[in-house]
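Trainee: Contents of upload.txt (compact mmCIF, C-alpha atoms) are below:
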```txt
# COMPACT_ATOMS: atom_id res chain seq x y z
CA MET A 1 -24.91 11.14 -5.71
CA PHE A 2 -26.31 12.05 -2.34
CA LEU A 3 -29.73 10.63 -3.16
CA LYS A 4 -28.24 7.52 -4.64
CA TYR A 5 -26.49 6.64 -1.41
CA GLN A 6 -28.92 7.92 1.15
CA GLU A 7 -30.31 4.46 1.79
CA ASP A 8 -26.79 3.28 2.47
CA SER A 9 -26.03 6.21 4.68
CA LEU A 10 -28.89 7.86 6.45
CA SER A 11 -30.88 4.84 7.51
CA ARG A 12 -28.07 3.75 9.77
CA ASP A 13 -26.51 7.11 10.73
CA ILE A 14 -22.98 6.04 10.00
CA PRO A 15 -22.26 6.11 6.25
CA LEU A 16 -20.97 2.78 4.99
CA SER A 17 -21.06 1.03 1.60
CA ARG A 18 -22.97 -2.22 1.61
CA LYS A 19 -22.45 -2.82 -2.08
CA VAL A 20 -19.89 -1.84 -4.68
CA ASN A 21 -20.49 1.71 -5.85
CA GLU A 22 -18.48 4.63 -7.18
CA LEU A 23 -17.11 5.30 -3.72
CA VAL A 24 -15.58 1.86 -3.41
CA PRO A 25 -12.01 1.56 -4.75
CA LYS A 26 -11.04 -1.33 -7.00
CA SER A 27 -8.60 -2.62 -4.39
CA ARG A 28 -10.37 -2.73 -1.03
CA TRP A 29 -11.11 -4.57 2.16
CA ILE A 30 -14.46 -6.29 2.60
CA ALA A 31 -15.85 -7.05 6.05
CA SER A 32 -18.57 -9.55 6.92
CA LEU A 33 -20.57 -8.67 10.04
CA SER A 34 -22.40 -10.77 12.58
CA ASN A 35 -25.76 -9.38 11.43
CA GLY A 36 -25.19 -10.69 7.93
CA GLU A 37 -24.17 -7.38 6.39
CA THR A 38 -21.17 -7.00 4.09
CA ILE A 39 -19.29 -3.71 4.25
CA PHE A 40 -16.96 -2.49 1.49
CA GLU A 41 -14.18 -0.01 2.04
CA ASP A 42 -15.06 3.34 0.53
CA TYR A 43 -13.84 6.92 0.37
CA ARG A 44 -16.26 9.74 1.15
CA ASP A 45 -15.45 13.44 1.06
CA GLY A 46 -15.32 14.93 4.51
CA GLU A 47 -15.68 11.59 6.24
CA GLU A 48 -13.18 9.74 8.36
CA PRO A 49 -11.60 6.58 6.95
CA ALA A 50 -14.02 3.70 6.33
CA TRP A 51 -12.33 1.50 8.96
CA GLU A 52 -13.04 4.16 11.62
CA ARG A 53 -16.66 4.39 10.50
CA LEU A 54 -16.93 0.62 10.63
CA ARG A 55 -15.51 0.61 14.16
CA ARG A 56 -18.11 3.12 15.31
CA TYR A 57 -20.85 1.15 13.61
CA VAL A 58 -20.06 -2.24 15.14
CA LYS A 59 -19.75 -0.67 18.60
CA GLN A 60 -22.98 1.27 18.21
CA GLU A 61 -24.92 -1.78 17.00
CA GLY A 62 -23.20 -4.34 19.23
CA LEU A 63 -21.83 -6.28 16.26
CA SER A 64 -18.70 -8.23 15.46
CA ILE A 65 -16.69 -8.67 12.30
CA THR A 66 -16.97 -12.34 11.44
CA ASN A 67 -14.51 -12.21 8.56
CA LEU A 68 -12.37 -9.83 6.56
CA ARG A 69 -10.66 -10.08 3.22
CA ALA A 70 -8.81 -7.88 0.80
CA GLN A 71 -9.74 -7.82 -2.85
CA PHE A 72 -7.53 -6.34 -5.57
CA GLU A 73 -8.07 -4.92 -9.01
CA SER A 74 -5.98 -7.77 -10.38
CA GLY A 75 -8.65 -10.19 -9.20
CA LYS A 76 -6.55 -11.58 -6.39
CA THR A 77 -8.07 -11.97 -2.96
CA VAL A 78 -6.34 -12.22 0.40
CA PRO A 79 -8.66 -14.25 2.65
CA LEU A 80 -8.44 -14.48 6.43
CA PRO A 81 -9.72 -17.14 8.82
CA ALA A 82 -13.24 -16.58 10.12
CA GLY A 83 -14.29 -15.99 13.70
CA GLN A 84 -11.15 -14.39 15.07
CA GLU A 85 -10.94 -12.24 18.21
CA GLY A 86 -10.34 -9.20 16.08
CA TYR A 87 -9.50 -8.01 12.60
CA ILE A 88 -6.89 -5.54 11.46
CA GLN A 89 -6.72 -3.16 8.56
CA LYS A 90 -4.19 -0.49 7.74
CA LYS A 91 -2.34 1.09 4.87
CA LYS A 92 1.42 1.21 4.88
CA ALA A 93 3.09 3.88 2.77
CA TRP A 94 6.79 3.48 2.13
CA LEU A 95 9.52 5.28 0.30
CA THR A 96 13.11 4.38 -0.32
CA THR A 97 15.89 5.46 -2.59
CA GLY A 98 14.22 5.14 -5.89
CA ALA A 99 10.82 3.68 -5.19
CA GLY A 100 7.74 3.99 -3.06
CA GLY A 101 4.21 2.76 -2.75
CA VAL A 102 1.26 1.93 -0.56
CA MET A 103 0.34 -1.50 0.73
CA LEU A 104 -3.10 -2.63 1.88
CA CYS A 105 -2.66 -4.67 5.03
CA VAL A 106 -5.33 -6.96 6.46
CA GLY A 107 -4.99 -9.33 9.35
CA TYR A 108 -6.49 -10.90 12.43
CA VAL A 109 -5.88 -11.03 16.15
CA GLN A 110 -5.92 -14.17 18.27
CA LYS A 111 -4.55 -14.33 21.82
CA ASN A 112 -2.61 -11.06 21.54
CA ILE A 113 -0.88 -12.21 18.39
CA ALA A 114 -1.65 -10.71 15.00
CA GLY A 115 -1.19 -12.26 11.60
CA ILE A 116 -1.01 -9.56 8.95
CA HIS A 117 -0.86 -9.80 5.17
CA GLU A 118 0.89 -6.81 3.61
CA ALA A 119 -0.26 -6.67 0.01
CA ALA A 120 1.05 -4.62 -2.88
CA ASN A 121 -1.23 -3.14 -5.55
CA ASP A 122 -1.17 -6.35 -7.58
CA GLY A 123 -2.37 -8.37 -4.61
CA ASP A 124 0.89 -10.17 -3.95
CA SER A 125 1.32 -10.26 -0.21
CA VAL A 126 3.75 -11.03 2.56
CA PHE A 127 2.47 -12.58 5.79
CA ARG A 128 3.89 -11.47 9.12
CA ILE A 129 3.25 -12.53 12.69
CA VAL A 130 3.49 -9.60 15.10
CA SER A 131 2.10 -8.60 18.45
CA ASP A 132 -1.46 -7.25 18.48
CA PRO A 133 -1.15 -3.61 17.35
CA GLY A 134 -4.41 -2.66 19.11
CA GLU A 135 -6.67 0.21 18.11
CA PRO A 136 -7.09 1.98 15.77
CA TRP A 137 -5.82 -0.81 13.55
CA ALA A 138 -7.79 -3.64 15.22
CA ILE A 139 -11.55 -3.97 15.64
CA TYR A 140 -12.31 -6.60 18.27
CA ARG A 141 -15.17 -9.07 18.48
CA LYS A 142 -18.06 -7.96 20.70
CA ASP A 143 -17.39 -10.43 23.51
CA VAL A 144 -13.73 -9.37 23.56
CA ARG A 145 -14.76 -5.71 23.74
CA ASP A 146 -17.23 -6.48 26.50
CA ALA A 147 -14.63 -8.41 28.51
CA VAL A 148 -12.20 -5.50 28.30
CA ALA A 149 -14.92 -3.03 29.33
CA LYS A 150 -15.72 -4.97 32.52
CA MET B 1 -7.21 6.25 -4.26
CA ALA B 2 -4.16 8.18 -5.32
CA THR B 3 -1.67 8.17 -2.51
CA THR B 4 1.75 9.59 -3.24
CA VAL B 5 4.93 9.68 -1.20
CA ARG B 6 7.75 11.91 -2.33
CA TRP B 7 10.81 13.36 -0.79
CA PHE B 8 12.40 16.67 -1.22
CA GLY B 9 15.70 18.03 -0.06
CA GLY B 10 14.44 20.31 2.67
CA ALA B 11 11.28 22.33 2.24
CA GLY B 12 11.09 23.99 -1.16
CA SER B 13 14.06 22.15 -2.65
CA PRO B 14 13.65 20.06 -5.80
CA GLU B 15 12.17 16.62 -5.51
CA ILE B 16 14.57 13.71 -5.19
CA ALA B 17 13.44 11.68 -8.15
CA PRO B 18 12.51 8.02 -8.33
CA ALA B 19 15.43 5.82 -9.39
CA ALA B 20 13.52 4.64 -12.42
CA SER B 21 13.69 8.16 -13.79
CA GLY B 22 17.46 7.89 -14.07
CA GLY B 23 17.61 11.40 -12.69
CA PHE B 24 18.73 12.96 -9.45
CA ASN B 25 17.55 10.24 -7.15
CA THR B 26 20.11 10.39 -4.37
CA VAL B 27 21.17 12.55 -1.45
CA GLY B 28 24.92 13.06 -1.51
CA PHE B 29 27.04 14.23 1.38
CA PHE B 30 30.26 16.04 0.49
CA GLY B 31 33.10 18.13 1.88
CA ALA B 32 33.65 21.79 0.98
CA SER B 33 31.63 21.57 -2.23
CA PHE B 34 30.14 19.14 -4.70
CA GLY B 35 32.52 16.25 -5.38
CA PHE B 36 34.79 17.06 -2.44
CA SER B 37 35.38 14.21 -0.04
CA ILE B 38 34.72 14.20 3.69
CA ARG B 39 37.67 13.21 5.85
CA VAL B 40 37.30 10.15 8.03
CA GLY B 41 35.90 11.25 11.36
CA GLU B 42 34.55 14.54 9.98
CA TYR B 43 31.05 15.38 8.83
CA ASN B 44 29.45 16.74 5.67
CA THR B 45 29.94 20.41 4.91
CA THR B 46 27.63 20.35 1.90
CA THR B 47 24.70 18.23 0.76
CA PHE B 48 23.53 17.81 -2.83
CA ARG B 49 20.86 16.15 -4.84
CA THR B 50 22.79 13.85 -7.12
CA ASN B 51 22.62 10.71 -9.24
CA ALA B 52 23.03 7.17 -7.96
CA ASN B 53 26.83 7.19 -7.95
CA GLY B 54 27.21 10.81 -6.86
CA THR B 55 28.87 12.10 -10.02
CA SER B 56 26.31 14.67 -11.19
CA ASN B 57 25.26 17.83 -9.37
CA GLY B 58 21.49 18.11 -9.20
CA SER B 59 21.40 21.24 -6.99
CA GLN B 60 22.44 21.98 -3.45
CA LEU B 61 20.27 20.93 -0.54
CA PRO B 62 20.20 22.41 2.95
CA ASN B 63 23.24 21.19 4.85
CA ILE B 64 23.19 20.16 8.48
CA LYS B 65 26.49 19.18 10.03
CA PHE B 66 26.96 17.35 13.29
CA ALA B 67 28.34 19.61 16.04
CA ASN B 68 27.60 17.68 19.21
CA THR B 69 25.02 15.25 20.53
CA SER B 70 22.28 17.88 20.57
CA GLY B 71 23.55 20.45 18.12
CA ALA B 72 24.42 21.11 14.50
CA PHE B 73 25.95 23.65 12.16
CA VAL B 74 23.15 24.74 9.85
CA GLY B 75 24.11 25.86 6.35
CA ALA B 76 27.36 27.82 6.37
CA SER B 77 27.02 28.90 9.98
CA LEU B 78 30.08 28.47 12.18
CA ILE B 79 27.96 28.64 15.32
CA ALA B 80 26.21 25.46 16.37
CA GLU B 81 22.47 25.49 16.93
CA GLU B 82 20.44 23.19 19.11
CA LEU B 83 18.59 20.61 17.05
CA LEU B 84 15.35 21.96 18.53
CA GLU B 85 16.11 25.36 16.97
CA ILE B 86 16.47 24.12 13.40
CA GLU B 87 13.52 25.15 11.27
CA ASN B 88 11.65 22.73 9.05
CA THR B 89 12.71 24.61 5.92
CA LEU B 90 16.37 23.97 6.75
CA SER B 91 16.06 20.23 7.28
CA THR B 92 17.93 17.86 4.99
CA LEU B 93 14.87 15.92 3.92
CA ASN B 94 11.17 16.61 3.65
CA VAL B 95 9.11 13.44 3.19
CA ARG B 96 5.62 14.30 1.95
CA LEU B 97 2.63 11.97 1.99
CA ASN B 98 -0.48 13.04 0.05
CA THR B 99 -3.78 11.18 0.16
CA ASP B 100 -7.18 11.85 -1.39
CA ASN B 101 -8.95 11.63 1.93
CA PRO B 102 -7.86 13.07 5.27
CA ILE B 103 -5.90 10.64 7.44
CA LYS B 104 -3.76 10.48 10.55
CA THR B 105 -0.36 8.81 10.51
CA GLN B 106 1.21 6.53 13.11
CA ASN B 107 4.23 4.26 13.47
CA THR B 108 6.34 6.39 11.15
CA LYS B 109 9.94 5.26 10.90
CA PHE B 110 13.10 6.25 9.06
CA ARG B 111 16.06 3.98 8.36
CA ALA B 112 19.49 4.08 6.78
CA PHE B 113 20.52 0.90 5.00
CA ASP B 114 22.85 -0.50 2.36
CA ARG B 115 20.44 -0.19 -0.62
CA VAL B 116 20.06 -3.95 -0.70
CA ASN B 117 18.00 -4.86 2.35
CA ILE B 118 16.39 -2.36 4.71
CA ASN B 119 17.54 -4.47 7.65
CA ASN B 120 21.22 -4.14 6.69
CA ASN B 121 23.52 -1.42 7.95
CA PRO B 122 24.79 1.26 5.57
CA SER B 123 28.31 0.52 4.49
CA GLY B 124 31.37 2.59 5.40
CA VAL B 125 29.55 5.49 6.93
CA THR B 126 27.88 6.55 10.15
CA ILE B 127 24.56 8.32 9.68
CA ASN B 128 23.07 10.49 12.40
CA ALA B 129 19.45 11.57 12.12
CA ALA B 130 16.94 13.66 14.02
CA GLU B 131 13.35 14.65 13.36
CA VAL B 132 12.88 18.38 12.94
CA ARG B 133 9.58 19.93 14.03
CA LYS B 134 9.81 23.69 14.05
CA ASP B 135 7.47 25.60 11.78
CA GLN B 136 7.61 28.95 13.54
CA ALA B 137 10.79 30.96 13.83
CA LEU B 138 10.08 32.27 17.33
CA VAL B 139 8.72 29.08 18.85
CA ARG B 140 11.09 26.37 20.03
CA GLY B 141 10.75 23.16 18.09
CA SER B 142 9.25 19.93 19.35
CA GLY B 143 11.29 17.40 17.41
CA ASP B 144 14.27 15.36 18.54
CA GLN B 145 16.62 16.94 21.04
CA PHE B 146 19.48 14.54 20.30
CA TRP B 147 21.03 12.96 17.26
CA GLN B 148 20.45 9.25 16.81
CA SER B 149 22.86 7.04 14.94
CA ILE B 150 20.70 4.98 12.58
CA PHE B 151 21.71 1.71 10.93
CA GLY B 152 19.48 -0.91 9.34
CA SER B 153 17.05 -2.58 11.66
CA GLY B 154 19.47 -2.12 14.57
CA SER B 155 18.63 1.53 15.12
CA VAL B 156 15.58 3.10 13.50
CA LEU B 157 14.48 6.72 13.92
CA ASP B 158 10.89 6.87 15.17
CA LEU B 159 9.04 9.90 13.87
CA PHE B 160 6.21 11.56 15.73
CA ASP B 161 2.63 10.43 15.11
CA GLN B 162 0.60 13.03 13.25
CA THR B 163 -2.76 12.40 14.84
CA THR B 164 -3.94 15.84 15.92
CA ALA B 165 -6.27 16.14 12.95
CA ASN B 166 -7.01 14.24 9.78
CA ALA B 167 -5.19 15.81 6.84
CA THR B 168 -4.55 15.04 3.19
CA GLN B 169 -0.92 16.14 3.38
CA HIS B 170 1.58 15.03 5.98
CA ASP B 171 5.12 16.44 5.97
CA PHE B 172 8.03 14.95 7.90
CA TYR B 173 11.32 16.82 8.24
CA ILE B 174 14.55 15.01 8.94
CA ALA B 175 18.03 16.30 9.66
CA LEU B 176 20.83 14.05 8.43
CA THR B 177 24.57 14.18 8.85
CA ALA B 178 27.17 11.65 7.73
CA THR B 179 30.73 10.74 8.54
CA PRO B 180 32.81 8.12 6.71
CA THR B 181 34.37 5.36 8.76
CA SER B 182 37.05 4.62 6.15
CA ILE B 183 38.70 6.17 3.10
CA GLY B 184 36.96 5.88 -0.25
CA GLU B 185 33.68 6.66 -2.00
CA LYS B 186 30.60 5.35 -0.20
CA THR B 187 27.57 4.50 -2.30
CA ASP B 188 26.00 1.66 -0.33
CA ILE B 189 23.76 4.02 1.60
CA GLY B 190 20.03 4.35 1.19
CA PHE B 191 17.18 5.72 3.19
CA TYR B 192 13.82 4.13 3.89
CA TRP B 193 10.73 5.77 5.32
CA GLU B 194 7.39 4.19 6.22
CA THR B 195 4.17 5.14 7.93
CA GLU B 196 0.80 3.59 8.69
CA PHE B 197 -2.72 4.97 8.37
CA LEU B 198 -6.29 3.72 8.08
```
Output the file's structure as structure tokens, nothing else.

Mentor:
Amino acid sequence: MFLKYQEDSLSRDIPLSRKVNELVPKSRWIASLSNGETIFEDYRDGEEPAWERLRRYVKQEGLSITNLRAQFESGKTVPLPAGQEGYIQKKKAWLTTGAGGVMLCVGYVQKNIAGIHEAANDGDSVFRIVSDPGEPWAIYRKDVRDAVAK
Amino acid sequence: MATTVRWFGGAGSPEIAPAASGGFNTVGFFGASFGFSIRVGEYNTTTFRTNANGTSNGSQLPNIKFANTSGAFVGASLIAEELLEIENTLSTLNVRLNTDNPIKTQNTKFRAFDRVNINNNPSGVTINAAEVRKDQALVRGSGDQFWQSIFGSGSVLDLFDQTTANATQHDFYIALTATPTSIGEKTDIGFYWETEFL
């Protein structure tokens, strides 16, 4: 398995999946980058979550996420508008009397406001408007990051 | 990815089952023993794992009884302890999150509601809650110093972020105590927990 993914991993230092492989779950987020790459959420032993690796990668390479979407095993997709100031991803685990689960949440940031889709395993989602949750949930566009850094 | 969230009645107590199981899926607060009522204005003397309407004894859970704004009677003790001195293993609830890959958790919240809508208040009862964070007997805890009355979306207990290190298991310990606000059996009470991670 190591050899199979070394092109994905070692050539760019930060391990990321640029195509669907055994590390990519059936329900996942998919990010499009400003250099034309597509990054799939994956799970790697001993590695930090894929969203954290993606954050390090875009900062290291001076890139932006140009779009993000969630894709589910059911075939459903949750698309987001392109070219936003930032994109958000998180998981929300919940438990109540009698039931529990994990939702995949994807969203975007524009002018300090975030629109977030909270999606269940079957891809059905609820859309919420909230204030920008900031890092680590959001990864901002390069010009937004640069403006903050100044 | 197999992520599971379960809750137990205090550390080491049996799991409180999913409702779909038809089993012991409820935390029940009682008076002197199982099935005994709590007087209006008084607090639980015992806590049990029970079924949805509180008629079947599914084993005793650790009991924590309100003593004052920063203290509680733990178990059968007649001497109140500070909330910060309650050990994790004696908490009412242990919520456990397991993930395949190591994560950190943030924005963790705990609510009491009416079993219909998590924004609604529980009915006929006042619930006080506090996060317990004390895993060493000789070291003072770092959880909540004071009880917080929790009700629907109006008052939610914020639990500490667990961001020191990525881990595949995250445990949250919660002390709960209940007092009825009127006479009669109260079943419109549920608890809701949520957390966020990458």

Trainee: Mind checking which residues fall within 7 Å of Phe30 (chain B), counting all atoms listed in the file, ignoring those fewer than 6 positions away in the same chain, and posting them as a PyMOL selection string?

Mentor: chain B and resi 36-38+44-47

Trainee: Please determine the contact residues of chain B with respect to chain A at a cut-off of 10 Å, counting only C-alpha atoms, and supply them as a PDB file with C-alpha atoms, in the frame of the given file.

Mentor:
```pdb
ATOM      1  CA  MET B   1      -7.210   6.250  -4.260  1.00  0.00           C
ATOM      2  CA  ALA B   2      -4.160   8.180  -5.320  1.00  0.00           C
ATOM      3  CA  THR B   3      -1.670   8.170  -2.510  1.00  0.00           C
ATOM      4  CA  THR B   4       1.750   9.590  -3.240  1.00  0.00           C
ATOM      5  CA  VAL B   5       4.930   9.680  -1.200  1.00  0.00           C
ATOM      6  CA  ARG B   6       7.750  11.910  -2.330  1.00  0.00           C
ATOM      7  CA  TRP B   7      10.810  13.360  -0.790  1.00  0.00           C
ATOM      8  CA  ILE B  16      14.570  13.710  -5.190  1.00  0.00           C
ATOM      9  CA  ALA B  17      13.440  11.680  -8.150  1.00  0.00           C
ATOM     10  CA  PRO B  18      12.510   8.020  -8.330  1.00  0.00           C
ATOM     11  CA  ALA B  19      15.430   5.820  -9.390  1.00  0.00           C
ATOM     12  CA  ALA B  20      13.520   4.640 -12.420  1.00  0.00           C
ATOM     13  CA  SER B  21      13.690   8.160 -13.790  1.00  0.00           C
ATOM     14  CA  GLY B  22      17.460   7.890 -14.070  1.00  0.00           C
ATOM     15  CA  GLY B  23      17.610  11.400 -12.690  1.00  0.00           C
ATOM     16  CA  PHE B  24      18.730  12.960  -9.450  1.00  0.00           C
ATOM     17  CA  ASN B  25      17.550  10.240  -7.150  1.00  0.00           C
ATOM     18  CA  THR B  26      20.110  10.390  -4.370  1.00  0.00           C
ATOM     19  CA  VAL B  27      21.170  12.550  -1.450  1.00  0.00           C
ATOM     20  CA  ALA B  52      23.030   7.170  -7.960  1.00  0.00           C
ATOM     21  CA  VAL B  95       9.110  13.440   3.190  1.00  0.00           C
ATOM     22  CA  ARG B  96       5.620  14.300   1.950  1.00  0.00           C
ATOM     23  CA  LEU B  97       2.630  11.970   1.990  1.00  0.00           C
ATOM     24  CA  ASP B 100      -7.180  11.850  -1.390  1.00  0.00           C
ATOM     25  CA  ASN B 101      -8.950  11.630   1.930  1.00  0.00           C
ATOM     26  CA  PRO B 102      -7.860  13.070   5.270  1.00  0.00           C
ATOM     27  CA  ILE B 103      -5.900  10.640   7.440  1.00  0.00           C
ATOM     28  CA  LYS B 104      -3.760  10.480  10.550  1.00  0.00           C
ATOM     29  CA  THR B 105      -0.360   8.810  10.510  1.00  0.00           C
ATOM     30  CA  GLN B 106       1.210   6.530  13.110  1.00  0.00           C
ATOM     31  CA  ASN B 107       4.230   4.260  13.470  1.00  0.00           C
ATOM     32  CA  THR B 108       6.340   6.390  11.150  1.00  0.00           C
ATOM     33  CA  LYS B 109       9.940   5.260  10.900  1.00  0.00           C
ATOM     34  CA  PHE B 110      13.100   6.250   9.060  1.00  0.00           C
ATOM     35  CA  ARG B 111      16.060   3.980   8.360  1.00  0.00           C
ATOM     36  CA  ALA B 112      19.490   4.080   6.780  1.00  0.00           C
ATOM     37  CA  PHE B 113      20.520   0.900   5.000  1.00  0.00           C
ATOM     38  CA  ARG B 115      20.440  -0.190  -0.620  1.00  0.00           C
ATOM     39  CA  ILE B 118      16.390  -2.360   4.710  1.00  0.00           C
ATOM     40  CA  ASN B 166      -7.010  14.240   9.780  1.00  0.00           C
ATOM     41  CA  ILE B 189      23.760   4.020   1.600  1.00  0.00           C
ATOM     42  CA  GLY B 190      20.030   4.350   1.190  1.00  0.00           C
ATOM     43  CA  PHE B 191      17.180   5.720   3.190  1.00  0.00           C
ATOM     44  CA  TYR B 192      13.820   4.130   3.890  1.00  0.00           C
ATOM     45  CA  TRP B 193      10.730   5.770   5.320  1.00  0.00           C
ATOM     46  CA  GLU B 194       7.390   4.190   6.220  1.00  0.00           C
ATOM     47  CA  THR B 195       4.170   5.140   7.930  1.00  0.00           C
ATOM     48  CA  GLU B 196       0.800   3.590   8.690  1.00  0.00           C
ATOM     49  CA  PHE B 197      -2.720   4.970   8.370  1.00  0.00           C
ATOM     50  CA  LEU B 198      -6.290   3.720   8.080  1.00  0.00           C
TER      51      LEU B 198
END
```

Trainee: Name the closest residue to Gly115 (chain A) among the candidates A:Leu63, A:Asp146, A:Thr38, A:Pro79; distances are taken between atoms, counting all atoms listed in the file.

Mentor: A:Pro79

Trainee: Compile the contact shell of Val106 (chain A) as JSON, numbers by chain: residues with an atom at most 12 Å away, counting all atoms listed in the file, same-chain residues fewer than 2 positions apart removed.

Mentor: {"A": [28, 29, 30, 31, 51, 67, 68, 69, 70, 71, 77, 78, 79, 80, 81, 86, 87, 88, 89, 90, 91, 92, 103, 104, 108, 109, 114, 115, 116, 117, 118, 119, 120, 123, 125, 126, 127, 128, 129, 137, 138, 139], "B": [198]}

Trainee: For Ser17 (chain A), which residue out of A:Asp132, A:Asp124, A:Glu73, A:Glu41 is the nearest one, using all atoms listed in the file?

Mentor: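 Among the listed residues, the smallest separation from Ser17 (chain A) belongs to A:Glu41.
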
Trainee: What gap, in Å, lies between CA of Thr69 (chain B) and CA of Ile183 (chain B)?

Mentor: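 Atom-to-atom, CA of Thr69 (chain B) to CA of Ile183 (chain B), that is 23.9 Å.
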
Trainee: How far is it from CA of Phe151 (chain B) to CA of Pro180 (chain B), in Å with one decimal?

Mentor: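 Separating CA of Phe151 (chain B) from CA of Pro180 (chain B) is a distance of 13.5 Å.
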
Trainee: What separation in Å, quoted to one decimal, exists between CA of Glu61 (chain A) and CA of Val144 (chain A)?

Mentor: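 These two atoms are separated by 15.0 Å.
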
Trainee: Ala72 (chain B): which residues within 9 Å, counting all atoms listed in the file, same-chain residues fewer than 3 positions away excluded, as a ChimeraX atom specification?

Mentor: /B:64-69,79-83,86,177

Trainee: Between B:Ser56, B:Thr181, B:Gln145, B:Asn98, which residue has the minimum interatomic distance to Ser123 (chain B), considering only C-alpha atoms?

Mentor: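 Among B:Ser56, B:Thr181, B:Gln145, B:Asn98, it is B:Thr181 that comes nearest to Ser123 (chain B).
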
Trainee: Which protein, DNA or RNA residues have an atom at most 12 Å from (-23.8, -0.1, 16.7), counting all atoms listed in the file? List them as a list in words.

Mentor: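 Residues close enough to count: Arg12, Asp13, Ile14, Leu33, Ser34, Asn35, Arg53, Leu54, Arg55, Arg56, Tyr57, Val58, Lys59, Gln60, Glu61, Gly62, Leu63, Ser64, Ile65 and Lys142 of chain A.
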
Trainee: Could you rebuild region 26-39 of chain B with N, CA and C atoms and give me the result as a compact mmCIF listing (two decimals), keeping the file's coordinate frame?

Mentor:
```txt
# COMPACT_ATOMS: atom_id res chain seq x y z
N THR B 26 19.28 10.73 -5.52
CA THR B 26 20.11 10.39 -4.37
C THR B 26 20.48 11.65 -3.59
N VAL B 27 20.61 11.50 -2.30
CA VAL B 27 21.17 12.55 -1.45
C VAL B 27 22.66 12.26 -1.30
N GLY B 28 23.47 13.25 -1.62
CA GLY B 28 24.92 13.06 -1.51
C GLY B 28 25.53 14.00 -0.48
N PHE B 29 26.34 13.44 0.37
CA PHE B 29 27.04 14.23 1.38
C PHE B 29 28.48 14.45 0.92
N PHE B 30 28.93 15.71 1.01
CA PHE B 30 30.26 16.04 0.49
C PHE B 30 31.00 16.93 1.47
N GLY B 31 32.26 17.22 1.09
CA GLY B 31 33.10 18.13 1.88
C GLY B 31 32.78 19.57 1.53
N ALA B 32 33.81 20.35 1.17
CA ALA B 32 33.65 21.79 0.98
C ALA B 32 32.66 22.15 -0.13
N SER B 33 32.56 21.31 -1.13
CA SER B 33 31.63 21.57 -2.23
C SER B 33 31.31 20.26 -2.93
N PHE B 34 30.54 20.36 -4.00
CA PHE B 34 30.14 19.14 -4.70
C PHE B 34 31.38 18.37 -5.19
N GLY B 35 31.42 17.09 -4.93
CA GLY B 35 32.52 16.25 -5.38
C GLY B 35 33.69 16.18 -4.41
N PHE B 36 33.70 17.08 -3.42
CA PHE B 36 34.79 17.06 -2.44
C PHE B 36 34.51 15.98 -1.39
N SER B 37 35.57 15.31 -1.00
CA SER B 37 35.38 14.21 -0.04
C SER B 37 35.30 14.75 1.40
N ILE B 38 34.77 13.91 2.24
CA ILE B 38 34.72 14.20 3.69
C ILE B 38 35.81 13.35 4.35
N ARG B 39 36.62 13.97 5.17
CA ARG B 39 37.67 13.21 5.85
C ARG B 39 37.06 12.23 6.85
```
